[in-house]
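Asker: Sharing input.cif (mmCIF, C-alpha atoms) below.
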```cif
data_model
#
loop_
_atom_site.label_atom_id
_atom_site.label_comp_id
_atom_site.auth_asym_id
_atom_site.auth_seq_id
_atom_site.Cartn_x
_atom_site.Cartn_y
_atom_site.Cartn_z
CA MET A 22 -86.75 51.01 101.62
CA LYS A 23 -86.23 49.02 104.77
CA ARG A 24 -83.18 46.78 104.60
CA LEU A 25 -83.77 43.03 104.83
CA LEU A 26 -83.06 41.34 108.14
CA PRO A 27 -79.65 39.64 108.15
CA SER A 28 -81.31 36.24 108.56
CA LEU A 29 -83.43 36.85 105.48
CA ARG A 30 -80.64 38.07 103.21
CA ALA A 31 -79.32 35.72 100.55
CA LYS A 32 -76.16 33.94 101.73
CA LYS A 33 -73.13 34.43 99.57
CA ARG A 34 -69.68 33.11 98.92
CA TYR A 35 -66.83 35.22 97.65
CA LEU A 36 -64.38 33.68 95.21
CA ALA A 37 -60.94 35.21 94.86
CA PHE A 38 -59.55 34.69 91.38
CA GLU A 39 -56.60 35.56 89.21
CA LEU A 40 -56.52 36.11 85.50
CA ILE A 41 -53.98 34.33 83.31
CA SER A 42 -54.22 35.72 79.84
CA GLU A 43 -52.41 36.77 76.70
CA GLU A 44 -53.43 40.38 77.14
CA PRO A 45 -54.63 42.37 80.15
CA ALA A 46 -58.38 42.75 80.48
CA SER A 47 -60.68 45.21 82.19
CA ARG A 48 -63.36 44.46 84.74
CA ASN A 49 -66.12 45.01 82.19
CA ASP A 50 -64.61 42.47 79.80
CA ILE A 51 -64.46 39.90 82.59
CA VAL A 52 -68.05 40.54 83.69
CA ARG A 53 -69.29 40.13 80.14
CA GLU A 54 -67.36 36.90 79.46
CA VAL A 55 -68.18 35.30 82.82
CA ILE A 56 -71.91 35.89 82.41
CA SER A 57 -71.90 34.71 78.80
CA SER A 58 -69.93 31.58 79.69
CA ALA A 59 -72.25 30.81 82.61
CA ALA A 60 -75.35 31.37 80.47
CA SER A 61 -73.95 29.07 77.81
CA LEU A 62 -72.93 26.28 80.20
CA LEU A 63 -75.70 26.40 82.80
CA GLY A 64 -78.53 28.17 81.00
CA ASP A 65 -80.22 31.39 82.02
CA VAL A 66 -82.30 29.82 84.79
CA THR A 67 -79.41 28.32 86.76
CA THR A 68 -77.21 31.35 86.11
CA SER A 69 -79.82 33.58 87.75
CA ASP A 70 -79.70 31.28 90.81
CA CYS A 71 -75.93 31.61 90.93
CA ASP A 72 -76.20 35.39 91.39
CA ILE A 73 -72.73 36.02 89.95
CA LYS A 74 -71.32 39.52 90.41
CA VAL A 75 -67.76 40.65 89.82
CA LEU A 76 -67.10 42.91 92.79
CA GLY A 77 -63.68 44.17 91.95
CA PHE A 78 -60.79 43.48 89.65
CA GLU A 79 -57.38 45.06 89.40
CA ASP A 80 -53.81 43.96 88.62
CA GLY A 81 -54.88 40.54 87.41
CA LYS A 82 -56.71 39.61 90.62
CA GLY A 83 -60.27 40.07 91.71
CA ILE A 84 -63.19 38.93 93.77
CA LEU A 85 -66.56 37.73 92.60
CA GLN A 86 -69.69 36.94 94.51
CA CYS A 87 -72.01 33.98 94.09
CA SER A 88 -74.76 32.20 95.94
CA HIS A 89 -73.48 29.92 98.72
CA THR A 90 -75.32 26.90 97.30
CA ARG A 91 -73.99 27.45 93.77
CA VAL A 92 -70.24 27.61 94.29
CA LYS A 93 -69.68 24.53 92.18
CA ASP A 94 -71.72 25.77 89.24
CA THR A 95 -69.95 29.11 89.43
CA ARG A 96 -66.53 27.45 89.45
CA ALA A 97 -67.55 25.33 86.47
CA SER A 98 -68.68 28.34 84.49
CA LEU A 99 -65.42 30.13 85.32
CA ALA A 100 -63.56 27.07 84.07
CA ALA A 101 -65.57 27.10 80.85
CA LEU A 102 -64.30 30.61 80.09
CA THR A 103 -61.65 30.39 77.39
CA ARG A 104 -61.41 33.79 75.75
CA ILE A 105 -61.66 37.42 76.76
CA ASN A 106 -61.96 39.90 73.90
CA GLY A 107 -60.96 37.14 71.51
CA LYS A 108 -57.64 36.59 73.33
CA ARG A 109 -56.99 33.35 75.15
CA ALA A 110 -57.46 33.62 78.90
CA THR A 111 -58.31 31.58 81.95
CA LEU A 112 -59.58 32.49 85.39
CA HIS A 113 -58.00 30.57 88.26
CA VAL A 114 -60.02 30.48 91.46
CA LEU A 115 -57.67 30.98 94.41
CA GLY A 116 -60.26 30.16 97.04
CA ALA A 117 -63.73 30.77 98.41
CA SER A 118 -64.78 32.50 101.59
CA GLY A 119 -67.90 33.78 103.34
CA THR A 120 -66.83 37.41 103.61
CA VAL A 121 -65.05 39.80 101.28
CA LYS A 122 -62.60 40.74 104.05
CA ARG A 123 -61.56 37.17 104.73
CA ALA A 124 -61.28 36.33 101.03
CA THR A 125 -59.01 39.32 100.51
CA GLU A 126 -56.85 38.54 103.53
CA LYS A 127 -56.58 34.86 102.83
CA PHE A 128 -56.08 34.75 99.09
CA LEU A 129 -55.12 38.15 97.72
CA GLN A 130 -52.55 39.45 100.22
CA ASP A 131 -49.47 37.41 99.37
CA ASP A 132 -47.74 37.82 96.06
CA ARG A 133 -48.17 34.29 94.85
CA LEU A 134 -49.63 35.55 91.59
CA PHE A 135 -48.48 33.34 88.78
CA GLU A 136 -45.71 34.98 86.79
CA SER A 137 -47.07 35.33 83.32
CA GLU A 138 -44.29 33.58 81.51
CA VAL A 139 -46.66 32.20 78.93
CA GLU A 140 -46.60 35.19 76.62
CA PRO A 141 -47.25 34.07 73.05
CA MET B 18 -56.57 9.78 104.43
CA GLY B 19 -54.56 12.81 103.53
CA LYS B 20 -55.18 15.38 100.89
CA PRO B 21 -55.72 13.72 97.52
CA LYS B 22 -53.04 14.14 94.89
CA PHE B 23 -54.21 15.38 91.53
CA TYR B 24 -52.80 14.35 88.18
CA ASP B 25 -53.35 15.49 84.64
CA PHE B 26 -52.43 12.70 82.27
CA CYS B 27 -52.86 14.28 78.88
CA VAL B 28 -50.99 17.52 78.26
CA HIS B 29 -49.50 18.34 74.88
CA ALA B 30 -46.24 20.27 74.89
CA ALA B 31 -44.42 21.84 71.93
CA PRO B 32 -44.11 20.86 69.08
CA ASP B 33 -47.56 19.29 69.42
CA GLY B 34 -49.03 22.06 71.57
CA ASP B 35 -48.21 25.77 71.77
CA HIS B 36 -46.14 25.94 74.95
CA THR B 37 -43.04 24.13 76.16
CA ALA B 38 -43.16 21.42 78.79
CA THR B 39 -41.44 23.74 81.30
CA GLU B 40 -44.18 26.37 81.02
CA LEU B 41 -46.92 23.78 81.34
CA VAL B 42 -45.23 22.21 84.35
CA SER B 43 -44.83 25.50 86.21
CA LEU B 44 -48.47 26.42 85.61
CA ALA B 45 -49.75 22.97 86.61
CA ARG B 46 -47.68 23.16 89.79
CA HIS B 47 -49.12 26.58 90.56
CA PHE B 48 -52.63 25.15 90.07
CA GLY B 49 -51.99 22.46 92.67
CA TYR B 50 -51.37 19.34 90.62
CA SER B 51 -48.96 16.71 91.98
CA GLY B 52 -47.91 15.60 88.55
CA ILE B 53 -48.67 15.78 84.85
CA ALA B 54 -47.91 13.49 81.97
CA VAL B 55 -46.64 15.16 78.83
CA ALA B 56 -48.33 13.02 76.20
CA ASN B 57 -47.77 14.28 72.68
CA HIS B 58 -49.54 12.79 69.70
CA SER B 59 -47.42 10.06 68.16
CA ASP B 60 -47.54 11.71 64.73
CA LYS B 61 -46.01 14.91 66.10
CA LEU B 62 -43.14 13.68 68.19
CA PRO B 63 -40.00 15.78 68.50
CA ASP B 64 -37.03 14.52 66.49
CA LYS B 65 -34.75 13.97 69.42
CA LYS B 66 -35.71 12.67 72.80
CA SER B 67 -36.73 15.63 74.89
CA VAL B 68 -35.58 16.06 78.45
CA MET B 69 -38.39 16.23 80.98
CA PRO B 70 -38.20 19.29 83.19
CA SER B 71 -37.68 18.32 86.81
CA VAL B 72 -39.17 20.38 89.60
CA GLU B 73 -38.96 19.56 93.26
CA GLY B 74 -42.18 18.16 94.69
CA PHE B 75 -43.72 17.71 91.29
CA GLU B 76 -43.66 14.70 89.02
CA VAL B 77 -43.51 14.81 85.25
CA PHE B 78 -44.35 11.56 83.54
CA ARG B 79 -43.47 10.44 80.07
CA GLY B 80 -46.56 9.75 78.05
CA ILE B 81 -47.68 9.34 74.50
CA GLU B 82 -50.97 9.54 72.68
CA LEU B 83 -50.93 7.06 69.82
CA VAL B 84 -52.69 8.13 66.64
CA GLU B 85 -53.13 5.24 64.23
CA GLU B 86 -56.03 4.16 62.07
CA ASN B 87 -54.90 0.61 61.44
CA PRO B 88 -55.49 -1.77 64.43
CA SER B 89 -52.56 -4.09 63.71
CA LYS B 90 -50.18 -1.14 63.32
CA LEU B 91 -51.62 0.24 66.55
CA HIS B 92 -50.76 -2.96 68.39
CA SER B 93 -47.19 -2.82 67.14
CA LEU B 94 -46.91 0.84 68.16
CA ILE B 95 -48.15 -0.10 71.63
CA GLY B 96 -45.44 -2.76 71.84
CA LYS B 97 -42.83 -0.27 70.68
CA PHE B 98 -43.63 2.49 73.18
CA ARG B 99 -44.93 0.52 76.17
CA SER B 100 -41.66 -0.06 77.99
CA SER B 101 -40.39 3.53 77.68
CA MET B 102 -43.61 5.32 78.67
CA ASP B 103 -45.32 5.82 82.00
CA VAL B 104 -48.67 6.58 80.44
CA LEU B 105 -49.87 5.16 77.15
CA ILE B 106 -52.95 6.78 75.66
CA VAL B 107 -54.73 5.80 72.46
CA HIS B 108 -56.47 8.47 70.42
CA GLY B 109 -59.78 6.78 69.61
CA GLY B 110 -62.19 7.77 66.94
CA SER B 111 -63.25 4.74 64.93
CA GLU B 112 -64.81 1.45 65.85
CA ALA B 113 -61.70 -0.56 64.91
CA VAL B 114 -59.31 1.64 66.88
CA ASN B 115 -61.54 1.76 69.97
CA ARG B 116 -61.86 -1.99 69.94
CA ALA B 117 -58.15 -2.61 69.43
CA ALA B 118 -57.29 -0.22 72.29
CA LEU B 119 -59.81 -1.57 74.77
CA GLU B 120 -58.85 -5.18 74.10
CA ASN B 121 -55.17 -4.53 74.75
CA HIS B 122 -54.32 -4.64 78.46
CA ARG B 123 -51.08 -2.72 77.83
CA VAL B 124 -53.04 0.43 77.01
CA ASP B 125 -53.74 2.75 79.94
CA ILE B 126 -56.30 5.21 78.61
CA LEU B 127 -58.54 5.53 75.55
CA ASN B 128 -59.25 9.17 74.76
CA HIS B 129 -62.22 10.57 72.86
CA PRO B 130 -63.80 7.34 71.64
CA ALA B 131 -66.77 9.13 70.08
CA PHE B 132 -67.05 9.30 66.29
CA ASP B 133 -69.61 10.36 63.67
CA ARG B 134 -73.00 9.79 65.25
CA SER B 135 -71.94 7.29 67.87
CA ASN B 136 -70.78 7.75 71.44
CA GLY B 137 -68.01 5.23 70.72
CA LEU B 138 -68.77 2.65 73.40
CA ASN B 139 -71.18 -0.23 73.65
CA GLN B 140 -71.65 -3.07 76.12
CA VAL B 141 -69.06 -5.29 74.38
CA LEU B 142 -66.36 -2.62 74.43
CA ALA B 143 -67.22 -1.53 77.97
CA LYS B 144 -66.87 -5.11 79.18
CA ALA B 145 -63.53 -5.46 77.36
CA ALA B 146 -62.32 -2.19 78.93
CA ALA B 147 -63.25 -3.37 82.43
CA GLU B 148 -61.54 -6.73 81.91
CA ASN B 149 -58.33 -5.23 80.54
CA GLY B 150 -58.27 -2.29 82.95
CA VAL B 151 -58.23 0.33 80.19
CA ALA B 152 -59.58 3.64 81.45
CA ILE B 153 -61.80 5.91 79.39
CA GLY B 154 -60.37 9.42 79.21
CA ILE B 155 -62.70 12.37 79.62
CA THR B 156 -60.97 15.29 77.95
CA LEU B 157 -61.92 18.80 79.00
CA ARG B 158 -60.68 20.78 76.02
CA PRO B 159 -63.59 19.99 73.69
CA PHE B 160 -66.06 20.98 76.42
CA LEU B 161 -64.30 24.29 76.96
CA HIS B 162 -63.90 25.27 73.35
CA SER B 163 -67.31 24.41 71.97
CA ARG B 164 -70.64 25.97 72.63
CA GLY B 165 -74.23 25.39 71.65
CA SER B 166 -75.06 22.38 69.53
CA ARG B 167 -71.52 20.94 69.49
CA ARG B 168 -71.24 20.99 73.27
CA ILE B 169 -74.71 19.50 73.63
CA ARG B 170 -73.63 16.67 71.35
CA LEU B 171 -70.45 16.11 73.41
CA LEU B 172 -72.40 16.08 76.67
CA SER B 173 -74.94 13.57 75.43
CA ASP B 174 -72.11 11.32 74.21
CA LEU B 175 -70.47 11.64 77.62
CA LYS B 176 -73.68 10.76 79.43
CA ALA B 177 -74.23 7.70 77.26
CA ASN B 178 -70.66 6.59 77.99
CA LEU B 179 -71.10 7.21 81.71
CA GLU B 180 -74.13 4.91 81.78
CA LEU B 181 -71.98 2.13 80.33
CA THR B 182 -68.91 2.76 82.46
CA ARG B 183 -71.05 2.75 85.63
CA LYS B 184 -72.74 -0.51 84.69
CA TYR B 185 -69.52 -2.33 83.83
CA GLU B 186 -67.29 -0.47 86.32
CA VAL B 187 -64.86 0.88 83.76
CA PRO B 188 -62.31 3.30 85.28
CA LEU B 189 -62.45 6.93 84.18
CA VAL B 190 -59.65 9.47 83.91
CA LEU B 191 -60.22 13.21 83.80
CA CYS B 192 -57.61 15.07 81.80
CA SER B 193 -57.30 18.47 80.23
CA ASP B 194 -55.94 17.46 76.79
CA ALA B 195 -54.34 20.90 76.91
CA MET B 196 -52.72 22.19 73.72
CA SER B 197 -51.53 25.35 75.48
CA CYS B 198 -51.25 26.81 78.97
CA PHE B 199 -54.65 28.43 78.55
CA ASP B 200 -56.32 25.03 78.31
CA LEU B 201 -55.10 23.92 81.72
CA ARG B 202 -57.61 24.15 84.56
CA SER B 203 -56.94 23.76 88.25
CA PRO B 204 -58.11 20.49 89.90
CA MET B 205 -60.98 22.14 91.76
CA GLU B 206 -62.36 23.72 88.60
CA THR B 207 -61.92 20.49 86.69
CA LEU B 208 -63.91 18.68 89.38
CA ALA B 209 -66.63 21.35 89.38
CA LEU B 210 -66.92 21.19 85.61
CA ALA B 211 -67.04 17.39 85.65
CA GLU B 212 -69.84 17.46 88.19
CA VAL B 213 -71.81 19.96 86.16
CA CYS B 214 -71.31 17.68 83.14
CA GLY B 215 -72.90 14.72 84.93
CA LEU B 216 -70.25 12.89 86.97
CA GLU B 217 -70.86 12.16 90.64
CA GLU B 218 -68.55 13.84 93.15
CA ASP B 219 -66.70 10.65 94.13
CA GLU B 220 -66.47 9.49 90.50
CA ALA B 221 -64.85 12.76 89.51
CA LEU B 222 -62.42 12.62 92.44
CA ASP B 223 -61.44 9.04 91.57
CA ALA B 224 -60.96 10.02 87.93
CA ILE B 225 -58.48 12.76 88.77
CA SER B 226 -56.54 11.16 91.63
CA THR B 227 -57.11 7.45 92.42
CA VAL B 228 -57.23 6.03 88.90
CA PRO B 229 -54.12 7.92 87.72
CA GLU B 230 -52.26 6.71 90.82
CA ARG B 231 -53.29 3.14 90.07
CA ILE B 232 -52.02 3.48 86.50
CA LEU B 233 -48.69 4.73 87.81
CA THR B 234 -48.20 1.91 90.31
CA LYS B 235 -49.03 -0.54 87.53
CA ASN B 236 -46.43 0.95 85.20
CA ARG B 237 -43.77 1.73 87.78
CA PRO B 238 -43.53 -1.45 89.81
CA GLY B 239 -41.76 -1.43 93.14
CA PRO B 240 -38.26 -2.90 93.74
CA GLY B 241 -39.45 -6.39 94.70
CA TYR B 242 -41.70 -6.82 91.68
CA VAL B 243 -41.29 -10.14 89.84
CA ARG B 244 -44.37 -10.37 87.66
CA GLU B 245 -48.05 -9.69 87.96
CA GLY B 246 -49.22 -11.01 91.32
CA ILE B 247 -45.74 -11.95 92.55
CA GLU B 248 -43.71 -9.59 94.65
CA VAL B 249 -40.73 -10.12 96.94
CA LEU B 250 -41.50 -8.51 100.27
CA GLU B 251 -38.70 -7.53 102.60
CA GLY B 252 -38.87 -7.01 106.34
CA GLU B 253 -38.81 -8.87 109.59
CA ASP B 254 -42.34 -9.55 110.74
CA LEU B 255 -44.27 -10.38 107.63
CA PHE B 256 -46.17 -13.28 109.15
#
```
Represent the structure contained in this file as structure tokens.

Answerer:
Amino acid sequence: MKRLLPSLRAKKRYLAFELISEEPASRNDIVREVISSAASLLGDVTTSDCDIKVLGFEDGKGILQCSHTRVKDTRASLAALTRINGKRATLHVLGASGTVKRATEKFLQDDRLFESEVEP
Amino acid sequence: MGKPKFYDFCVHAAPDGDHTATELVSLARHFGYSGIAVANHSDKLPDKKSVMPSVEGFEVFRGIELVEENPSKLHSLIGKFRSSMDVLIVHGGSEAVNRAALENHRVDILNHPAFDRSNGLNQVLAKAAAENGVAIGITLRPFLHSRGSRRIRLLSDLKANLELTRKYEVPLVLCSDAMSCFDLRSPMETLALAEVCGLEEDEALDAISTVPERILTKNRPGPGYVREGIEVLEGEDLF
């Protein structure tokens, strides 16, 4: 199928985030909890507008994609996430950017990851 | 105007919450707060006076959340703790307690005023709060930890309270009411969540930075302070 013209493609923002949790989690766990938290807070209709996708996640940091008009709703639904696999966890958004490359360079390069000294 | 400073005025450290003040402070600093107030419930205070952790470039305030059902006992508790605390919060939850807290100008914040089937505020209490400068605390923890019908109930209470606070210009304070590190949220996420829950952008920003700052300047007067409205100014060209 012919690819959409760049001007017609949906505009996106990329949020770099880190996971602070009791136990490590996998990408699939995060995807599931983020979507369920967004659906619960915003409802299915608004969540579909947000277009949330977890692009990658490893070593406690990751990038997710959302619609450029729905950054606030996406941040709110990330904040409303309290548990992953029944273990307490929170996602901290490090920053938002218009491209994956810039988000990675700007927020994920340096080792400012919070030392998990909050083990139970 | 520079970058706003963010404060979280209701954080519970051990033995009230799960984590120590040091852990909470380091996480809050990482999240970008300028200061937090460790405000334990008054019925779960540590035996000896705890030492506040000090970190450079970050302020830790002494706070307390008074839990008392009896209004006259509440007033005496307020008198007892007022001088030693930077932030004095009252844990609301009944008509008598809400009223006692909002009519006392020495109280800084009233947290969770809602009870049973009521949103906790009415025009009389809102007027009293505006006159006495008592802020209404919006606590995030209940919104995070409930879903479905309970969260809907909380949101409709919040919206009813917002109507009143807007009409009578009652200050609002956004705080996490964190019992553990996992309840803390960074300022940007707190703002986003508050906006989704019905606050306006500038209201939410005021509630997390301007109003807390005003509470601090009220409770930590400058060196020339004599009494309310009177201050000794120093300097050459005042007039």

Asker: Taking all atoms listed in the file into account, name the residue in B:Gly74, B:Pro240, B:Gly49, B:Gly109 that is nearest to chain A.

Answerer: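 Of the candidates, the smallest distance to chain A is held by B:Gly49.
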
Asker: Step by step, work through what the PyMOL selection byres ((chain B) within 6 of (chain A)) selects in the shown file, and finish by giving those residues as a short mmCIF file (atom, residue, chain, number, x, y, z; two decimals) with C-alpha atoms, in the frame of the given file.

Answerer:
```cif
data_model
loop_
_atom_site.label_atom_id
_atom_site.label_comp_id
_atom_site.auth_asym_id
_atom_site.auth_seq_id
_atom_site.Cartn_x
_atom_site.Cartn_y
_atom_site.Cartn_z
CA LEU B 161 -64.30 24.29 76.96
CA PHE B 199 -54.65 28.43 78.55
CA GLU B 206 -62.36 23.72 88.60
CA ALA B 209 -66.63 21.35 89.38
CA LEU B 210 -66.92 21.19 85.61
#
```

Asker: Using only C-alpha atoms, which residues sit within 12 Å of Gly154 in chain B once same-chain residues fewer than 4 positions away are excluded, as a PyMOL selection string?

Answerer: chain B and resi 25-27+82+105-109+119+124-131+146+158+175+178-179+182+187-194+221+224-225+228-229

Asker: So the first atom is CA of Leu29 in chain A and the second is CA of Gly64 in chain A; what is the distance between them in Å, to one decimal place?

Answerer: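 So the answer is 26.4 Å.
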
Asker: Any chance you could work out the residue set of the PyMOL selection byres ((chain A and resi 73-81) around 10) here, as a VMD selection string?

Answerer: chain A and resid 33 to 42 45 to 49 51 to 53 55 to 56 59 68 to 72 82 to 88 91 to 92 95 112 121 134 to 135

Asker: Quick check, in Å to one decimal: how far apart do CA of Gly110 in chain B and CA of Arg79 in chain B lie?

Answerer: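 Those two atoms sit 23.0 Å apart.
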
Asker: Select, from B:Ser197, B:Glu230, B:Tyr50, B:Tyr24, the residue with the minimum atom-to-atom distance to Thr37 in chain B, counting only C-alpha atoms.

Answerer: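 So, comparing all the options, the nearest one is B:Ser197.
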
Asker: Rounded to one decimal, what separation in Å do you get between CA of Ser226 in chain B and CA of Leu201 in chain B?

Answerer: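 Those two atoms sit 16.2 Å apart.
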
Asker: Output as lines of an AutoDock Vina configuration file the centre and edge lengths (Å, one decimal) of the box along x, y and z of the file that holds every listed atom of range 66-76 of chain A after adding 3 Å on each side.

Answerer:
```
center_x = -74.7
center_y = 35.6
center_z = 88.8
size_x = 21.2
size_y = 20.6
size_z = 14.0
```

Asker: For Ile169 in chain B, which residue among B:Glu186, B:Asn115, B:Cys214, B:Thr234 is the nearest when counting only C-alpha atoms?

Answerer: B:Cys214

Asker: Give as JSON, numbers by chain every residue, naming chains and numbers as the document does, that has an atom within 9 Å of (-70.5, 12.9, 81.2), counting all atoms listed in the file.

Answerer: {"B": [155, 171, 172, 173, 174, 175, 176, 177, 178, 179, 180, 211, 212, 213, 214, 215, 216]}

Asker: Could you name the residues that touch Ala113 in chain B at 12 Å or less, counting only C-alpha atoms, but leaving out those on the same chain fewer than 6 positions away, as a list in words?

Answerer: Glu85, Glu86, Asn87, Pro88, Ser89, Lys90, Leu91, His92, Leu119, Glu120, Pro130, Phe132, Gly137, Leu138 and Leu142 of chain B

Asker: Let's have the selection written as a JSON list (two decimals), in the frame of the given file, with C-alpha atoms.

Answerer:
```json
[["chain", "number", "residue", "atom", "x", "y", "z"],
["B", 85, "GLU", "CA", -53.13, 5.24, 64.23],
["B", 86, "GLU", "CA", -56.03, 4.16, 62.07],
["B", 87, "ASN", "CA", -54.90, 0.61, 61.44],
["B", 88, "PRO", "CA", -55.49, -1.77, 64.43],
["B", 89, "SER", "CA", -52.56, -4.09, 63.71],
["B", 90, "LYS", "CA", -50.18, -1.14, 63.32],
["B", 91, "LEU", "CA", -51.62, 0.24, 66.55],
["B", 92, "HIS", "CA", -50.76, -2.96, 68.39],
["B", 119, "LEU", "CA", -59.81, -1.57, 74.77],
["B", 120, "GLU", "CA", -58.85, -5.18, 74.10],
["B", 130, "PRO", "CA", -63.80, 7.34, 71.64],
["B", 132, "PHE", "CA", -67.05, 9.30, 66.29],
["B", 137, "GLY", "CA", -68.01, 5.23, 70.72],
["B", 138, "LEU", "CA", -68.77, 2.65, 73.40],
["B", 142, "LEU", "CA", -66.36, -2.62, 74.43]]
```
